[in-house]
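**Q** There's a structure below that I have some questions on.
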Amino acid sequence: MQTELAGSRTMPRLPESIDTPRLRLRLPRADDAGWAYSAFAKDPDVARWVTWRPHRDIRETEVFLRMAIADWSIDPAEHRLYIVDDRATNAPLGLVNARFQGFPAHRASLGYLLAPSAQGLGYMTEAAGALTDALLSLPDIFRVWCVADVDNERSWRVMERIGMQREGILQRWAAHPNVSDEPRDVVCYAKVR
Ligand SMILES: CC(C)(COP(=O)(O)OP(=O)(O)OC[C@H]1O[C@@H](n2cnc3c(N)ncnc32)[C@H](O)[C@@H]1OP(=O)(O)O)[C@@H](O)C(=O)NCCC(=O)NCCS
């Protein structure tokens, strides 16, 4: 699936929803702010290994969602964030996102999180695995990759369960302000075709 843009540039196009056996990855909405703020955005445990600080006010979550919603209307595509819903109940559980990179885009990086109540059930393996498959099915995308803090083992276990290969350590790669004022080492994983 390709979108022809001005000049000769083409960009990959992801579907607006992706179904898995238990989950639906769907577009973010403004009315996600309430659950997103209370279920994960203000939670210091969820934010420990990420690049942002826990939200102190729901308005921060609203701005975050507005940006994620606006990203979907931007072509060429760069950032695509999905809310992960439980298909049986429609309850939101977390989010996954992809960022296209390269010119023209030929790789994508992944990000993800789950509300604490949704962890330990294999949901992220299912959601991140489906997004990785969707990305690698795009004709232009040859590499899907992800990094996690060397101490965020739960995150790199997800990468291993979805079939990514560990490529090594990137030293001083990521700012994780909730654990250190200095950039941290991360493990880098990728799945390529
Ligand atoms: C990273 C994160 C999403 C991982 O969550 P998770 O619940 O460990 O991952 P999964 O949803 O894939 O679940 C895997 C766990 O469910 C268990 N599980 C239960 N049923 C399962 C099933 N049907 N299929 C697969 N795993 C299942 C697995 O055994 C595993 O548990 P274990 O780690 O105790 O062995 C979560 O820790 C998180 O949101 N962290 C905060 C944000 C963050 O750090 N994001 C990543 C930044 S790089």
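Chains: A, B, ... in order of the structure tokens. Residues: from 1 per chain. Ligands: from 1, in order shown.
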What does the list of residues within 7 Å of ligand 1 look like if you count only C-alpha atoms and all ligand atoms, written as a VMD selection string?

**A** chain A and resid 45 to 50 111 to 116 118 to 126 147 to 149 152 154 to 155 158

**Q** Using only C-alpha atoms, which residues sit within 12 Å of stretch 100-109 of chain A once same-chain residues fewer than 2 positions away are excluded, as a PyMOL selection string?

**A** chain A and resi 2+5+8-14+71+75-81+96-98+111-112+128+131-148+159+188-193

**Q** Here is a test: counting only C-alpha atoms, which residue of A:Thr61, A:Lys42, A:Met164, A:Ile18 is nearest to A:Leu110?

**A**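 Of A:Thr61, A:Lys42, A:Met164, A:Ile18, the one nearest A:Leu110 is A:Met164, counting only C-alpha atoms.
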
**Q** As a list in words, which residues of stretch 104-136 of chain A does DSSP assign to helix (DSSP H, G or I)?

**A**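 Filtering stretch 104-136 of chain A to helix (DSSP H, G or I) leaves Pro116, Ser117, Ala118, Tyr123, Met124, Thr125, Glu126, Ala127, Ala128, Gly129, Ala130, Leu131, Thr132, Asp133, Ala134, Leu135 and Leu136 of chain A.
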
**Q** Quick one: pick out all strand (DSSP E) residues within chain A from a backbone DSSP run and write them as number ranges by chain.

**A** A: 2-4, 10-12, 18-19, 23-26, 79-86, 92-101, 107-114, 143-149, 165-174, 184-192

**Q** Using C-alpha atoms, can you write the selected residues to a file as an mmCIF file, in the first residue's frame?

**A**
data_model
loop_
_atom_site.group_PDB
_atom_site.id
_atom_site.type_symbol
_atom_site.label_atom_id
_atom_site.label_comp_id
_atom_site.auth_asym_id
_atom_site.auth_seq_id
_atom_site.Cartn_x
_atom_site.Cartn_y
_atom_site.Cartn_z
ATOM 1 C CA GLN A 2 1.534 3.282 -1.076
ATOM 2 C CA THR A 3 0.536 6.893 -1.111
ATOM 3 C CA GLU A 4 1.903 8.906 -4.025
ATOM 4 C CA THR A 10 6.094 7.690 -1.535
ATOM 5 C CA MET A 11 5.280 6.866 2.060
ATOM 6 C CA PRO A 12 3.959 3.746 3.755
ATOM 7 C CA ILE A 18 -5.646 -3.838 13.298
ATOM 8 C CA ASP A 19 -7.419 -6.812 14.902
ATOM 9 C CA LEU A 23 -7.317 -6.994 20.797
ATOM 10 C CA ARG A 24 -8.156 -4.122 18.467
ATOM 11 C CA LEU A 25 -5.551 -1.490 17.657
ATOM 12 C CA ARG A 26 -7.515 1.669 16.799
ATOM 13 C CA HIS A 79 4.263 8.882 13.628
ATOM 14 C CA ARG A 80 1.300 6.539 14.062
ATOM 15 C CA LEU A 81 -0.104 5.782 17.531
ATOM 16 C CA TYR A 82 -2.802 3.190 18.197
ATOM 17 C CA ILE A 83 -4.871 2.693 21.328
ATOM 18 C CA VAL A 84 -5.068 -1.004 22.211
ATOM 19 C CA ASP A 85 -8.593 -2.093 23.172
ATOM 20 C CA ASP A 86 -9.834 -5.389 24.555
ATOM 21 C CA PRO A 92 -8.665 0.398 26.522
ATOM 22 C CA LEU A 93 -5.557 -1.383 27.797
ATOM 23 C CA GLY A 94 -2.567 0.558 26.496
ATOM 24 C CA LEU A 95 -0.964 1.892 23.356
ATOM 25 C CA VAL A 96 1.520 1.033 20.625
ATOM 26 C CA ASN A 97 3.144 3.378 18.172
ATOM 27 C CA ALA A 98 5.337 3.291 15.105
ATOM 28 C CA ARG A 99 7.683 5.948 13.814
ATOM 29 C CA PHE A 100 8.777 5.768 10.177
ATOM 30 C CA GLN A 101 12.396 6.625 9.486
ATOM 31 C CA ARG A 107 12.365 1.284 8.625
ATOM 32 C CA ALA A 108 10.129 1.927 11.639
ATOM 33 C CA SER A 109 10.719 2.043 15.368
ATOM 34 C CA LEU A 110 8.178 0.793 17.919
ATOM 35 C CA GLY A 111 7.015 2.118 21.266
ATOM 36 C CA TYR A 112 4.446 0.640 23.656
ATOM 37 C CA LEU A 113 2.974 0.567 27.113
ATOM 38 C CA LEU A 114 0.195 -1.139 29.036
ATOM 39 C CA ARG A 143 13.276 -3.197 9.392
ATOM 40 C CA VAL A 144 11.212 -2.795 12.567
ATOM 41 C CA TRP A 145 13.261 -2.012 15.627
ATOM 42 C CA CYS A 146 12.927 -1.020 19.218
ATOM 43 C CA VAL A 147 15.136 -0.058 22.109
ATOM 44 C CA ALA A 148 14.620 -0.404 25.841
ATOM 45 C CA ASP A 149 16.642 0.593 28.845
ATOM 46 C CA GLN A 165 16.765 -10.302 17.268
ATOM 47 C CA ARG A 166 18.957 -8.668 19.867
ATOM 48 C CA GLU A 167 21.506 -6.531 18.020
ATOM 49 C CA GLY A 168 23.448 -5.130 20.951
ATOM 50 C CA ILE A 169 23.765 -2.266 23.363
ATOM 51 C CA LEU A 170 23.565 1.383 22.310
ATOM 52 C CA GLN A 171 25.554 3.271 24.868
ATOM 53 C CA ARG A 172 24.234 6.549 26.272
ATOM 54 C CA TRP A 173 21.369 6.380 23.763
ATOM 55 C CA ALA A 174 18.223 7.421 25.627
ATOM 56 C CA ARG A 184 21.210 5.671 29.557
ATOM 57 C CA ASP A 185 22.359 2.556 27.732
ATOM 58 C CA VAL A 186 19.656 0.647 25.870
ATOM 59 C CA VAL A 187 19.349 -2.772 24.275
ATOM 60 C CA CYS A 188 18.482 -2.675 20.586
ATOM 61 C CA TYR A 189 16.277 -5.321 18.948
ATOM 62 C CA ALA A 190 15.058 -5.605 15.365
ATOM 63 C CA LYS A 191 13.048 -7.790 13.024
ATOM 64 C CA VAL A 192 14.005 -7.461 9.361
#
